[in-house]
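Reproduced below: upload.cif, with mmCIF, N, CA, C and O atoms.
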data_data
loop_
_atom_site.group_PDB
_atom_site.id
_atom_site.type_symbol
_atom_site.label_atom_id
_atom_site.label_comp_id
_atom_site.auth_asym_id
_atom_site.auth_seq_id
_atom_site.Cartn_x
_atom_site.Cartn_y
_atom_site.Cartn_z
ATOM 1 N N MET A 1 9.633 -0.228 4.659
ATOM 2 C CA MET A 1 8.254 -0.576 4.856
ATOM 3 C C MET A 1 8.009 -1.967 4.286
ATOM 4 O O MET A 1 8.527 -2.314 3.239
ATOM 5 N N LYS A 2 7.195 -2.755 4.974
ATOM 6 C CA LYS A 2 6.860 -4.111 4.527
ATOM 7 C C LYS A 2 5.385 -4.189 4.183
ATOM 8 O O LYS A 2 4.553 -3.513 4.771
ATOM 9 N N CYS A 3 5.079 -5.056 3.234
ATOM 10 C CA CYS A 3 3.692 -5.310 2.862
ATOM 11 C C CYS A 3 2.982 -5.995 4.040
ATOM 12 O O CYS A 3 3.516 -6.947 4.610
ATOM 13 N N PRO A 4 1.777 -5.549 4.401
ATOM 14 C CA PRO A 4 1.058 -6.182 5.510
ATOM 15 C C PRO A 4 0.532 -7.574 5.181
ATOM 16 O O PRO A 4 0.166 -8.326 6.078
ATOM 17 N N ILE A 5 0.519 -7.960 3.901
ATOM 18 C CA ILE A 5 0.025 -9.278 3.505
ATOM 19 C C ILE A 5 1.166 -10.274 3.323
ATOM 20 O O ILE A 5 1.214 -11.308 3.965
ATOM 21 N N CYS A 6 2.114 -9.954 2.436
ATOM 22 C CA CYS A 6 3.177 -10.916 2.128
ATOM 23 C C CYS A 6 4.504 -10.599 2.813
ATOM 24 O O CYS A 6 5.456 -11.355 2.665
ATOM 25 N N THR A 7 4.586 -9.510 3.530
ATOM 26 C CA THR A 7 5.750 -9.059 4.310
ATOM 27 C C THR A 7 7.026 -8.861 3.496
ATOM 28 O O THR A 7 8.113 -8.854 4.051
ATOM 29 N N ILE A 8 6.899 -8.681 2.188
ATOM 30 C CA ILE A 8 8.058 -8.374 1.346
ATOM 31 C C ILE A 8 8.295 -6.873 1.396
ATOM 32 O O ILE A 8 7.352 -6.091 1.326
ATOM 33 N N SER A 9 9.546 -6.473 1.516
ATOM 34 C CA SER A 9 9.837 -5.042 1.607
ATOM 35 C C SER A 9 10.275 -4.435 0.282
ATOM 36 O O SER A 9 10.311 -3.220 0.141
ATOM 37 N N SER A 10 10.590 -5.259 -0.714
ATOM 38 C CA SER A 10 10.954 -4.712 -2.018
ATOM 39 C C SER A 10 9.712 -4.638 -2.896
ATOM 40 O O SER A 10 8.797 -5.443 -2.768
ATOM 41 N N GLY A 11 9.662 -3.664 -3.767
ATOM 42 C CA GLY A 11 8.532 -3.539 -4.680
ATOM 43 C C GLY A 11 7.356 -2.785 -4.107
ATOM 44 O O GLY A 11 6.265 -2.841 -4.657
ATOM 45 N N ILE A 12 7.551 -2.042 -3.020
ATOM 46 C CA ILE A 12 6.484 -1.226 -2.454
ATOM 47 C C ILE A 12 6.519 0.121 -3.162
ATOM 48 O O ILE A 12 7.548 0.771 -3.229
ATOM 49 N N GLU A 13 5.377 0.540 -3.702
ATOM 50 C CA GLU A 13 5.320 1.767 -4.494
ATOM 51 C C GLU A 13 4.190 2.656 -4.008
ATOM 52 O O GLU A 13 3.200 2.175 -3.469
ATOM 53 N N LEU A 14 4.345 3.962 -4.227
ATOM 54 C CA LEU A 14 3.227 4.875 -4.036
ATOM 55 C C LEU A 14 2.234 4.601 -5.144
ATOM 56 O O LEU A 14 2.611 4.457 -6.306
ATOM 57 N N ASP A 15 0.965 4.507 -4.818
ATOM 58 C CA ASP A 15 -0.059 4.218 -5.809
ATOM 59 C C ASP A 15 -0.375 5.491 -6.575
ATOM 60 O O ASP A 15 -0.903 6.449 -6.022
ATOM 61 N N MET A 16 -0.026 5.525 -7.866
ATOM 62 C CA MET A 16 -0.197 6.713 -8.691
ATOM 63 C C MET A 16 -1.498 6.613 -9.494
ATOM 64 O O MET A 16 -1.889 5.536 -9.917
ATOM 65 N N HIS A 17 -2.152 7.735 -9.695
ATOM 66 C CA HIS A 17 -3.383 7.814 -10.468
ATOM 67 C C HIS A 17 -3.258 8.947 -11.469
ATOM 68 O O HIS A 17 -2.428 9.839 -11.319
ATOM 69 N N SER A 18 -4.108 8.965 -12.469
ATOM 70 C CA SER A 18 -4.050 10.012 -13.488
ATOM 71 C C SER A 18 -4.407 11.386 -12.928
ATOM 72 O O SER A 18 -3.978 12.399 -13.434
ATOM 73 N N ASP A 19 -5.200 11.413 -11.857
ATOM 74 C CA ASP A 19 -5.598 12.692 -11.277
ATOM 75 C C ASP A 19 -4.712 13.106 -10.112
ATOM 76 O O ASP A 19 -5.035 14.020 -9.383
ATOM 77 N N GLY A 20 -3.578 12.449 -9.935
ATOM 78 C CA GLY A 20 -2.654 12.803 -8.856
ATOM 79 C C GLY A 20 -2.228 11.577 -8.080
ATOM 80 O O GLY A 20 -2.296 10.468 -8.569
ATOM 81 N N TYR A 21 -1.772 11.787 -6.867
ATOM 82 C CA TYR A 21 -1.352 10.675 -6.032
ATOM 83 C C TYR A 21 -1.632 11.004 -4.574
ATOM 84 O O TYR A 21 -1.790 12.158 -4.197
ATOM 85 N N ALA A 22 -1.706 9.993 -3.778
ATOM 86 C CA ALA A 22 -1.829 10.148 -2.333
ATOM 87 C C ALA A 22 -0.495 9.747 -1.732
ATOM 88 O O ALA A 22 0.020 8.680 -2.040
ATOM 89 N N ASP A 23 0.069 10.588 -0.901
ATOM 90 C CA ASP A 23 1.397 10.307 -0.361
ATOM 91 C C ASP A 23 1.401 9.212 0.697
ATOM 92 O O ASP A 23 2.452 8.784 1.133
ATOM 93 N N ASN A 24 0.225 8.726 1.098
ATOM 94 C CA ASN A 24 0.167 7.669 2.101
ATOM 95 C C ASN A 24 -0.514 6.407 1.583
ATOM 96 O O ASN A 24 -0.895 5.546 2.352
ATOM 97 N N LEU A 25 -0.680 6.279 0.259
ATOM 98 C CA LEU A 25 -1.319 5.114 -0.352
ATOM 99 C C LEU A 25 -0.247 4.261 -1.010
ATOM 100 O O LEU A 25 0.445 4.726 -1.905
ATOM 101 N N PHE A 26 -0.084 3.041 -0.534
ATOM 102 C CA PHE A 26 0.988 2.165 -1.001
ATOM 103 C C PHE A 26 0.414 0.925 -1.660
ATOM 104 O O PHE A 26 -0.672 0.464 -1.311
ATOM 105 N N GLU A 27 1.187 0.384 -2.614
ATOM 106 C CA GLU A 27 0.787 -0.834 -3.311
ATOM 107 C C GLU A 27 1.975 -1.782 -3.381
ATOM 108 O O GLU A 27 3.096 -1.368 -3.672
ATOM 109 N N CYS A 28 1.733 -3.058 -3.117
ATOM 110 C CA CYS A 28 2.773 -4.079 -3.203
ATOM 111 C C CYS A 28 2.789 -4.645 -4.619
ATOM 112 O O CYS A 28 1.768 -5.121 -5.117
ATOM 113 N N ALA A 29 3.940 -4.589 -5.273
ATOM 114 C CA ALA A 29 4.074 -5.112 -6.632
ATOM 115 C C ALA A 29 4.043 -6.637 -6.646
ATOM 116 O O ALA A 29 3.753 -7.237 -7.673
ATOM 117 N N SER A 30 4.294 -7.274 -5.525
ATOM 118 C CA SER A 30 4.332 -8.729 -5.460
ATOM 119 C C SER A 30 2.936 -9.350 -5.355
ATOM 120 O O SER A 30 2.571 -10.208 -6.142
ATOM 121 N N CYS A 31 2.145 -8.894 -4.376
ATOM 122 C CA CYS A 31 0.842 -9.530 -4.150
ATOM 123 C C CYS A 31 -0.341 -8.643 -4.525
ATOM 124 O O CYS A 31 -1.473 -9.107 -4.543
ATOM 125 N N GLY A 32 -0.114 -7.361 -4.793
ATOM 126 C CA GLY A 32 -1.185 -6.473 -5.202
ATOM 127 C C GLY A 32 -1.953 -5.820 -4.068
ATOM 128 O O GLY A 32 -2.944 -5.141 -4.313
ATOM 129 N N ALA A 33 -1.525 -6.006 -2.846
ATOM 130 C CA ALA A 33 -2.213 -5.392 -1.712
ATOM 131 C C ALA A 33 -2.078 -3.876 -1.784
ATOM 132 O O ALA A 33 -1.062 -3.348 -2.219
ATOM 133 N N ILE A 34 -3.119 -3.172 -1.353
ATOM 134 C CA ILE A 34 -3.111 -1.716 -1.297
ATOM 135 C C ILE A 34 -3.485 -1.307 0.117
ATOM 136 O O ILE A 34 -4.449 -1.811 0.694
ATOM 137 N N TRP A 35 -2.716 -0.372 0.686
ATOM 138 C CA TRP A 35 -2.969 0.080 2.041
ATOM 139 C C TRP A 35 -2.569 1.531 2.201
ATOM 140 O O TRP A 35 -1.866 2.093 1.377
ATOM 141 N N ILE A 36 -3.071 2.153 3.254
ATOM 142 C CA ILE A 36 -2.667 3.498 3.610
ATOM 143 C C ILE A 36 -2.054 3.460 5.002
ATOM 144 O O ILE A 36 -2.323 2.558 5.792
ATOM 145 N N VAL A 37 -1.214 4.447 5.261
ATOM 146 C CA VAL A 37 -0.636 4.614 6.578
ATOM 147 C C VAL A 37 -1.102 5.960 7.092
ATOM 148 O O VAL A 37 -0.811 6.999 6.495
ATOM 149 N N ALA A 38 -1.878 5.951 8.165
ATOM 150 C CA ALA A 38 -2.416 7.167 8.744
ATOM 151 C C ALA A 38 -2.291 7.105 10.254
ATOM 152 O O ALA A 38 -2.694 6.113 10.871
ATOM 153 N N PHE A 39 -1.724 8.138 10.827
ATOM 154 C CA PHE A 39 -1.566 8.226 12.281
ATOM 155 C C PHE A 39 -0.853 7.001 12.846
ATOM 156 O O PHE A 39 -1.269 6.412 13.838
ATOM 157 N N ASP A 40 0.230 6.600 12.184
ATOM 158 C CA ASP A 40 1.046 5.445 12.586
ATOM 159 C C ASP A 40 0.270 4.138 12.610
ATOM 160 O O ASP A 40 0.602 3.218 13.336
ATOM 161 N N GLU A 41 -0.802 4.045 11.826
ATOM 162 C CA GLU A 41 -1.607 2.834 11.735
ATOM 163 C C GLU A 41 -1.711 2.417 10.271
ATOM 164 O O GLU A 41 -1.878 3.239 9.381
ATOM 165 N N THR A 42 -1.611 1.126 9.997
ATOM 166 C CA THR A 42 -1.757 0.598 8.645
ATOM 167 C C THR A 42 -3.193 0.148 8.443
ATOM 168 O O THR A 42 -3.724 -0.641 9.214
ATOM 169 N N ILE A 43 -3.834 0.677 7.398
ATOM 170 C CA ILE A 43 -5.215 0.333 7.087
ATOM 171 C C ILE A 43 -5.226 -0.353 5.732
ATOM 172 O O ILE A 43 -4.921 0.260 4.710
ATOM 173 N N LEU A 44 -5.573 -1.626 5.715
ATOM 174 C CA LEU A 44 -5.598 -2.424 4.486
ATOM 175 C C LEU A 44 -6.859 -2.081 3.705
ATOM 176 O O LEU A 44 -7.961 -2.123 4.234
ATOM 177 N N LEU A 45 -6.685 -1.744 2.419
ATOM 178 C CA LEU A 45 -7.826 -1.380 1.575
ATOM 179 C C LEU A 45 -8.318 -2.537 0.718
ATOM 180 O O LEU A 45 -9.463 -2.530 0.283
ATOM 181 N N ASN A 46 -7.474 -3.496 0.450
ATOM 182 C CA ASN A 46 -7.908 -4.693 -0.266
ATOM 183 C C ASN A 46 -7.075 -5.873 0.210
ATOM 184 O O ASN A 46 -6.058 -5.701 0.851
ATOM 185 N N LYS A 47 -7.512 -7.040 -0.094
ATOM 186 C CA LYS A 47 -6.806 -8.244 0.316
ATOM 187 C C LYS A 47 -6.509 -9.084 -0.911
ATOM 188 O O LYS A 47 -6.611 -10.291 -0.897
ATOM 189 N N LYS A 48 -6.185 -8.394 -2.001
ATOM 190 C CA LYS A 48 -5.914 -9.054 -3.283
ATOM 191 C C LYS A 48 -4.559 -9.769 -3.212
ATOM 192 O O LYS A 48 -3.544 -9.160 -2.982
ATOM 193 N N VAL A 49 -4.591 -11.053 -3.392
ATOM 194 C CA VAL A 49 -3.350 -11.841 -3.379
ATOM 195 C C VAL A 49 -3.269 -12.583 -4.695
ATOM 196 O O VAL A 49 -4.182 -13.328 -5.051
ATOM 197 N N ALA A 50 -2.177 -12.373 -5.401
ATOM 198 C CA ALA A 50 -2.002 -13.012 -6.708
ATOM 199 C C ALA A 50 -1.527 -14.443 -6.567
ATOM 200 O O ALA A 50 -0.946 -14.857 -5.634
#

Give the structure from this file in structure tokens form.
Amino acid sequence: MKCPICTISSGIELDMHSDGYADNLFECASCGAIWIVAFDETILLNKKVA
């Protein structure tokens, strides 16, 4: 999987929270982008670029 913002494929992680996790919520360790993948579509939740 590649980041939709910086297109780097390394450092992609499931976004973990104290109350659990979502199996389709991903975060890029490089640029900080957060997105979900639902029904074969990527939905960007933020456009945070470091």

Do you know which residues the PyMOL selection byres ((chain A and resi 25) around 5) returns on this file, as a PyMOL selection string?
-> chain A and resi 13-15+22-24+26-27+35-36

For the residues selected in the previous step, produce a file with N, CA, C and O atoms as an mmCIF file, in the frame of the given file.
data_model
loop_
_atom_site.group_PDB
_atom_site.id
_atom_site.type_symbol
_atom_site.label_atom_id
_atom_site.label_comp_id
_atom_site.auth_asym_id
_atom_site.auth_seq_id
_atom_site.Cartn_x
_atom_site.Cartn_y
_atom_site.Cartn_z
ATOM 1 N N GLU A 13 5.377 0.540 -3.702
ATOM 2 C CA GLU A 13 5.320 1.767 -4.494
ATOM 3 C C GLU A 13 4.190 2.656 -4.008
ATOM 4 O O GLU A 13 3.200 2.175 -3.469
ATOM 5 N N LEU A 14 4.345 3.962 -4.227
ATOM 6 C CA LEU A 14 3.227 4.875 -4.036
ATOM 7 C C LEU A 14 2.234 4.601 -5.144
ATOM 8 O O LEU A 14 2.611 4.457 -6.306
ATOM 9 N N ASP A 15 0.965 4.507 -4.818
ATOM 10 C CA ASP A 15 -0.059 4.218 -5.809
ATOM 11 C C ASP A 15 -0.375 5.491 -6.575
ATOM 12 O O ASP A 15 -0.903 6.449 -6.022
ATOM 13 N N ALA A 22 -1.706 9.993 -3.778
ATOM 14 C CA ALA A 22 -1.829 10.148 -2.333
ATOM 15 C C ALA A 22 -0.495 9.747 -1.732
ATOM 16 O O ALA A 22 0.020 8.680 -2.040
ATOM 17 N N ASP A 23 0.069 10.588 -0.901
ATOM 18 C CA ASP A 23 1.397 10.307 -0.361
ATOM 19 C C ASP A 23 1.401 9.212 0.697
ATOM 20 O O ASP A 23 2.452 8.784 1.133
ATOM 21 N N ASN A 24 0.225 8.726 1.098
ATOM 22 C CA ASN A 24 0.167 7.669 2.101
ATOM 23 C C ASN A 24 -0.514 6.407 1.583
ATOM 24 O O ASN A 24 -0.895 5.546 2.352
ATOM 25 N N PHE A 26 -0.084 3.041 -0.534
ATOM 26 C CA PHE A 26 0.988 2.165 -1.001
ATOM 27 C C PHE A 26 0.414 0.925 -1.660
ATOM 28 O O PHE A 26 -0.672 0.464 -1.311
ATOM 29 N N GLU A 27 1.187 0.384 -2.614
ATOM 30 C CA GLU A 27 0.787 -0.834 -3.311
ATOM 31 C C GLU A 27 1.975 -1.782 -3.381
ATOM 32 O O GLU A 27 3.096 -1.368 -3.672
ATOM 33 N N TRP A 35 -2.716 -0.372 0.686
ATOM 34 C CA TRP A 35 -2.969 0.080 2.041
ATOM 35 C C TRP A 35 -2.569 1.531 2.201
ATOM 36 O O TRP A 35 -1.866 2.093 1.377
ATOM 37 N N ILE A 36 -3.071 2.153 3.254
ATOM 38 C CA ILE A 36 -2.667 3.498 3.610
ATOM 39 C C ILE A 36 -2.054 3.460 5.002
ATOM 40 O O ILE A 36 -2.323 2.558 5.792
#

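When the PyMOL selection byres (((chain A and resi 12 and name CA) around 10) and name CA) is run on the displayed coordinates, the residues it returns are Met1, Lys2, Cys3, Ile8, Ser9, Ser10, Gly11, Glu13, Leu14, Asp15, Phe26, Glu27, Cys28, Ala29, Ser30, Gly32, Ala33 and Ile34 of chain A.
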
Requested write-out: N, CA, C and O atoms of the selected residues, as a compact mmCIF listing (two decimals), keeping the file's coordinate frame:
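Full text of part.txt as output:
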# COMPACT_ATOMS: atom_id res chain seq x y z
N MET A 1 9.63 -0.23 4.66
CA MET A 1 8.25 -0.58 4.86
C MET A 1 8.01 -1.97 4.29
O MET A 1 8.53 -2.31 3.24
N LYS A 2 7.20 -2.76 4.97
CA LYS A 2 6.86 -4.11 4.53
C LYS A 2 5.38 -4.19 4.18
O LYS A 2 4.55 -3.51 4.77
N CYS A 3 5.08 -5.06 3.23
CA CYS A 3 3.69 -5.31 2.86
C CYS A 3 2.98 -6.00 4.04
O CYS A 3 3.52 -6.95 4.61
N ILE A 8 6.90 -8.68 2.19
CA ILE A 8 8.06 -8.37 1.35
C ILE A 8 8.30 -6.87 1.40
O ILE A 8 7.35 -6.09 1.33
N SER A 9 9.55 -6.47 1.52
CA SER A 9 9.84 -5.04 1.61
C SER A 9 10.28 -4.43 0.28
O SER A 9 10.31 -3.22 0.14
N SER A 10 10.59 -5.26 -0.71
CA SER A 10 10.95 -4.71 -2.02
C SER A 10 9.71 -4.64 -2.90
O SER A 10 8.80 -5.44 -2.77
N GLY A 11 9.66 -3.66 -3.77
CA GLY A 11 8.53 -3.54 -4.68
C GLY A 11 7.36 -2.78 -4.11
O GLY A 11 6.26 -2.84 -4.66
N GLU A 13 5.38 0.54 -3.70
CA GLU A 13 5.32 1.77 -4.49
C GLU A 13 4.19 2.66 -4.01
O GLU A 13 3.20 2.17 -3.47
N LEU A 14 4.34 3.96 -4.23
CA LEU A 14 3.23 4.88 -4.04
C LEU A 14 2.23 4.60 -5.14
O LEU A 14 2.61 4.46 -6.31
N ASP A 15 0.96 4.51 -4.82
CA ASP A 15 -0.06 4.22 -5.81
C ASP A 15 -0.38 5.49 -6.58
O ASP A 15 -0.90 6.45 -6.02
N PHE A 26 -0.08 3.04 -0.53
CA PHE A 26 0.99 2.16 -1.00
C PHE A 26 0.41 0.92 -1.66
O PHE A 26 -0.67 0.46 -1.31
N GLU A 27 1.19 0.38 -2.61
CA GLU A 27 0.79 -0.83 -3.31
C GLU A 27 1.98 -1.78 -3.38
O GLU A 27 3.10 -1.37 -3.67
N CYS A 28 1.73 -3.06 -3.12
CA CYS A 28 2.77 -4.08 -3.20
C CYS A 28 2.79 -4.64 -4.62
O CYS A 28 1.77 -5.12 -5.12
N ALA A 29 3.94 -4.59 -5.27
CA ALA A 29 4.07 -5.11 -6.63
C ALA A 29 4.04 -6.64 -6.65
O ALA A 29 3.75 -7.24 -7.67
N SER A 30 4.29 -7.27 -5.52
CA SER A 30 4.33 -8.73 -5.46
C SER A 30 2.94 -9.35 -5.36
O SER A 30 2.57 -10.21 -6.14
N GLY A 32 -0.11 -7.36 -4.79
CA GLY A 32 -1.18 -6.47 -5.20
C GLY A 32 -1.95 -5.82 -4.07
O GLY A 32 -2.94 -5.14 -4.31
N ALA A 33 -1.52 -6.01 -2.85
CA ALA A 33 -2.21 -5.39 -1.71
C ALA A 33 -2.08 -3.88 -1.78
O ALA A 33 -1.06 -3.35 -2.22
N ILE A 34 -3.12 -3.17 -1.35
CA ILE A 34 -3.11 -1.72 -1.30
C ILE A 34 -3.48 -1.31 0.12
O ILE A 34 -4.45 -1.81 0.69

Could you work out how far atom O of Phe39 of chain A lies from atom O of Ile5 of chain A, giving the answer in Å with one decimal?
->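 These atoms are spaced 20.4 Å apart.
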
Quick one: pull the distance between atom N of Ala38 of chain A and atom C of Cys6 of chain A, Å, one decimal.
-> 18.5 Å

Which parts of segment 2-43 of chain A does DSSP call strand (DSSP E) when run on the backbone here, written out as a list in words?
->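 The strand (DSSP E) subset of segment 2-43 of chain A is Ile12, Glu13, Leu14, Asp15, Met16, His17, Gly20, Tyr21, Ala22, Asp23, Asn24, Leu25, Phe26, Glu27, Cys28, Ile34, Trp35, Ile36, Val37, Ala38, Glu41, Thr42 and Ile43 of chain A.
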
Create the file for the chosen residues now, containing N, CA, C and O atoms and written as a tab-separated table (two decimals), in the coordinates of the input.
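And here is the file that came out, out_17.tsv:
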chain	number	residue	atom	x	y	z
A	12	ILE	N	7.55	-2.04	-3.02
A	12	ILE	CA	6.48	-1.23	-2.45
A	12	ILE	C	6.52	0.12	-3.16
A	12	ILE	O	7.55	0.77	-3.23
A	13	GLU	N	5.38	0.54	-3.70
A	13	GLU	CA	5.32	1.77	-4.49
A	13	GLU	C	4.19	2.66	-4.01
A	13	GLU	O	3.20	2.17	-3.47
A	14	LEU	N	4.34	3.96	-4.23
A	14	LEU	CA	3.23	4.88	-4.04
A	14	LEU	C	2.23	4.60	-5.14
A	14	LEU	O	2.61	4.46	-6.31
A	15	ASP	N	0.96	4.51	-4.82
A	15	ASP	CA	-0.06	4.22	-5.81
A	15	ASP	C	-0.38	5.49	-6.58
A	15	ASP	O	-0.90	6.45	-6.02
A	16	MET	N	-0.03	5.52	-7.87
A	16	MET	CA	-0.20	6.71	-8.69
A	16	MET	C	-1.50	6.61	-9.49
A	16	MET	O	-1.89	5.54	-9.92
A	17	HIS	N	-2.15	7.74	-9.70
A	17	HIS	CA	-3.38	7.81	-10.47
A	17	HIS	C	-3.26	8.95	-11.47
A	17	HIS	O	-2.43	9.84	-11.32
A	20	GLY	N	-3.58	12.45	-9.94
A	20	GLY	CA	-2.65	12.80	-8.86
A	20	GLY	C	-2.23	11.58	-8.08
A	20	GLY	O	-2.30	10.47	-8.57
A	21	TYR	N	-1.77	11.79	-6.87
A	21	TYR	CA	-1.35	10.68	-6.03
A	21	TYR	C	-1.63	11.00	-4.57
A	21	TYR	O	-1.79	12.16	-4.20
A	22	ALA	N	-1.71	9.99	-3.78
A	22	ALA	CA	-1.83	10.15	-2.33
A	22	ALA	C	-0.50	9.75	-1.73
A	22	ALA	O	0.02	8.68	-2.04
A	23	ASP	N	0.07	10.59	-0.90
A	23	ASP	CA	1.40	10.31	-0.36
A	23	ASP	C	1.40	9.21	0.70
A	23	ASP	O	2.45	8.78	1.13
A	24	ASN	N	0.22	8.73	1.10
A	24	ASN	CA	0.17	7.67	2.10
A	24	ASN	C	-0.51	6.41	1.58
A	24	ASN	O	-0.90	5.55	2.35
A	25	LEU	N	-0.68	6.28	0.26
A	25	LEU	CA	-1.32	5.11	-0.35
A	25	LEU	C	-0.25	4.26	-1.01
A	25	LEU	O	0.44	4.73	-1.90
A	26	PHE	N	-0.08	3.04	-0.53
A	26	PHE	CA	0.99	2.16	-1.00
A	26	PHE	C	0.41	0.92	-1.66
A	26	PHE	O	-0.67	0.46	-1.31
A	27	GLU	N	1.19	0.38	-2.61
A	27	GLU	CA	0.79	-0.83	-3.31
A	27	GLU	C	1.98	-1.78	-3.38
A	27	GLU	O	3.10	-1.37	-3.67
A	28	CYS	N	1.73	-3.06	-3.12
A	28	CYS	CA	2.77	-4.08	-3.20
A	28	CYS	C	2.79	-4.64	-4.62
A	28	CYS	O	1.77	-5.12	-5.12
A	34	ILE	N	-3.12	-3.17	-1.35
A	34	ILE	CA	-3.11	-1.72	-1.30
A	34	ILE	C	-3.48	-1.31	0.12
A	34	ILE	O	-4.45	-1.81	0.69
A	35	TRP	N	-2.72	-0.37	0.69
A	35	TRP	CA	-2.97	0.08	2.04
A	35	TRP	C	-2.57	1.53	2.20
A	35	TRP	O	-1.87	2.09	1.38
A	36	ILE	N	-3.07	2.15	3.25
A	36	ILE	CA	-2.67	3.50	3.61
A	36	ILE	C	-2.05	3.46	5.00
A	36	ILE	O	-2.32	2.56	5.79
A	37	VAL	N	-1.21	4.45	5.26
A	37	VAL	CA	-0.64	4.61	6.58
A	37	VAL	C	-1.10	5.96	7.09
A	37	VAL	O	-0.81	7.00	6.50
A	38	ALA	N	-1.88	5.95	8.16
A	38	ALA	CA	-2.42	7.17	8.74
A	38	ALA	C	-2.29	7.10	10.25
A	38	ALA	O	-2.69	6.11	10.87
A	41	GLU	N	-0.80	4.04	11.83
A	41	GLU	CA	-1.61	2.83	11.74
A	41	GLU	C	-1.71	2.42	10.27
A	41	GLU	O	-1.88	3.24	9.38
A	42	THR	N	-1.61	1.13	10.00
A	42	THR	CA	-1.76	0.60	8.64
A	42	THR	C	-3.19	0.15	8.44
A	42	THR	O	-3.72	-0.64	9.21
A	43	ILE	N	-3.83	0.68	7.40
A	43	ILE	CA	-5.22	0.33	7.09
A	43	ILE	C	-5.23	-0.35	5.73
A	43	ILE	O	-4.92	0.26	4.71

Coordinates-based distance that separates atom N of Thr7 of chain A from atom N of Cys31 of chain A (Å, one decimal) |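 Taking atom N of Cys31 of chain A as the start and atom N of Thr7 of chain A as the end point, the length is 8.3 Å.
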
Would you mind exporting segment 23-41 of chain A with N, CA and C atoms, as a tab-separated table (two decimals), in the first residue's frame?
chain	number	residue	atom	x	y	z
A	23	ASP	N	-9.54	-1.45	11.47
A	23	ASP	CA	-8.70	-2.24	10.58
A	23	ASP	C	-8.53	-1.62	9.20
A	24	ASN	N	-9.24	-0.53	8.92
A	24	ASN	CA	-9.11	0.12	7.61
A	24	ASN	C	-8.62	1.56	7.72
A	25	LEU	N	-8.08	1.96	8.88
A	25	LEU	CA	-7.58	3.31	9.10
A	25	LEU	C	-6.06	3.28	9.09
A	26	PHE	N	-5.45	3.96	8.14
A	26	PHE	CA	-4.00	3.91	7.95
A	26	PHE	C	-3.39	5.29	8.17
A	27	GLU	N	-2.13	5.28	8.62
A	27	GLU	CA	-1.40	6.52	8.84
A	27	GLU	C	0.00	6.38	8.24
A	28	CYS	N	0.45	7.42	7.55
A	28	CYS	CA	1.80	7.44	6.98
A	28	CYS	C	2.76	8.04	8.00
A	29	ALA	N	3.80	7.30	8.34
A	29	ALA	CA	4.80	7.78	9.30
A	29	ALA	C	5.66	8.88	8.71
A	30	SER	N	5.71	9.00	7.40
A	30	SER	CA	6.55	10.00	6.75
A	30	SER	C	5.90	11.38	6.72
A	31	CYS	N	4.66	11.46	6.22
A	31	CYS	CA	4.03	12.78	6.06
A	31	CYS	C	2.87	13.02	7.02
A	32	GLY	N	2.40	11.99	7.72
A	32	GLY	CA	1.33	12.16	8.69
A	32	GLY	C	-0.07	12.06	8.12
A	33	ALA	N	-0.21	11.72	6.87
A	33	ALA	CA	-1.53	11.59	6.27
A	33	ALA	C	-2.28	10.43	6.91
A	34	ILE	N	-3.59	10.58	7.05
A	34	ILE	CA	-4.45	9.54	7.59
A	34	ILE	C	-5.57	9.30	6.58
A	35	TRP	N	-5.83	8.02	6.28
A	35	TRP	CA	-6.86	7.68	5.32
A	35	TRP	C	-7.49	6.35	5.67
A	36	ILE	N	-8.66	6.10	5.11
A	36	ILE	CA	-9.32	4.81	5.24
A	36	ILE	C	-9.49	4.21	3.85
A	37	VAL	N	-9.59	2.90	3.83
A	37	VAL	CA	-9.87	2.19	2.60
A	37	VAL	C	-11.19	1.48	2.79
A	38	ALA	N	-12.19	1.86	2.01
A	38	ALA	CA	-13.52	1.28	2.11
A	38	ALA	C	-14.06	1.02	0.72
A	39	PHE	N	-14.52	-0.18	0.50
A	39	PHE	CA	-15.10	-0.57	-0.79
A	39	PHE	C	-14.15	-0.27	-1.94
A	40	ASP	N	-12.89	-0.64	-1.77
A	40	ASP	CA	-11.84	-0.44	-2.77
A	40	ASP	C	-11.63	1.02	-3.15
A	41	GLU	N	-11.97	1.94	-2.24
A	41	GLU	CA	-11.78	3.37	-2.47
A	41	GLU	C	-10.97	3.95	-1.32
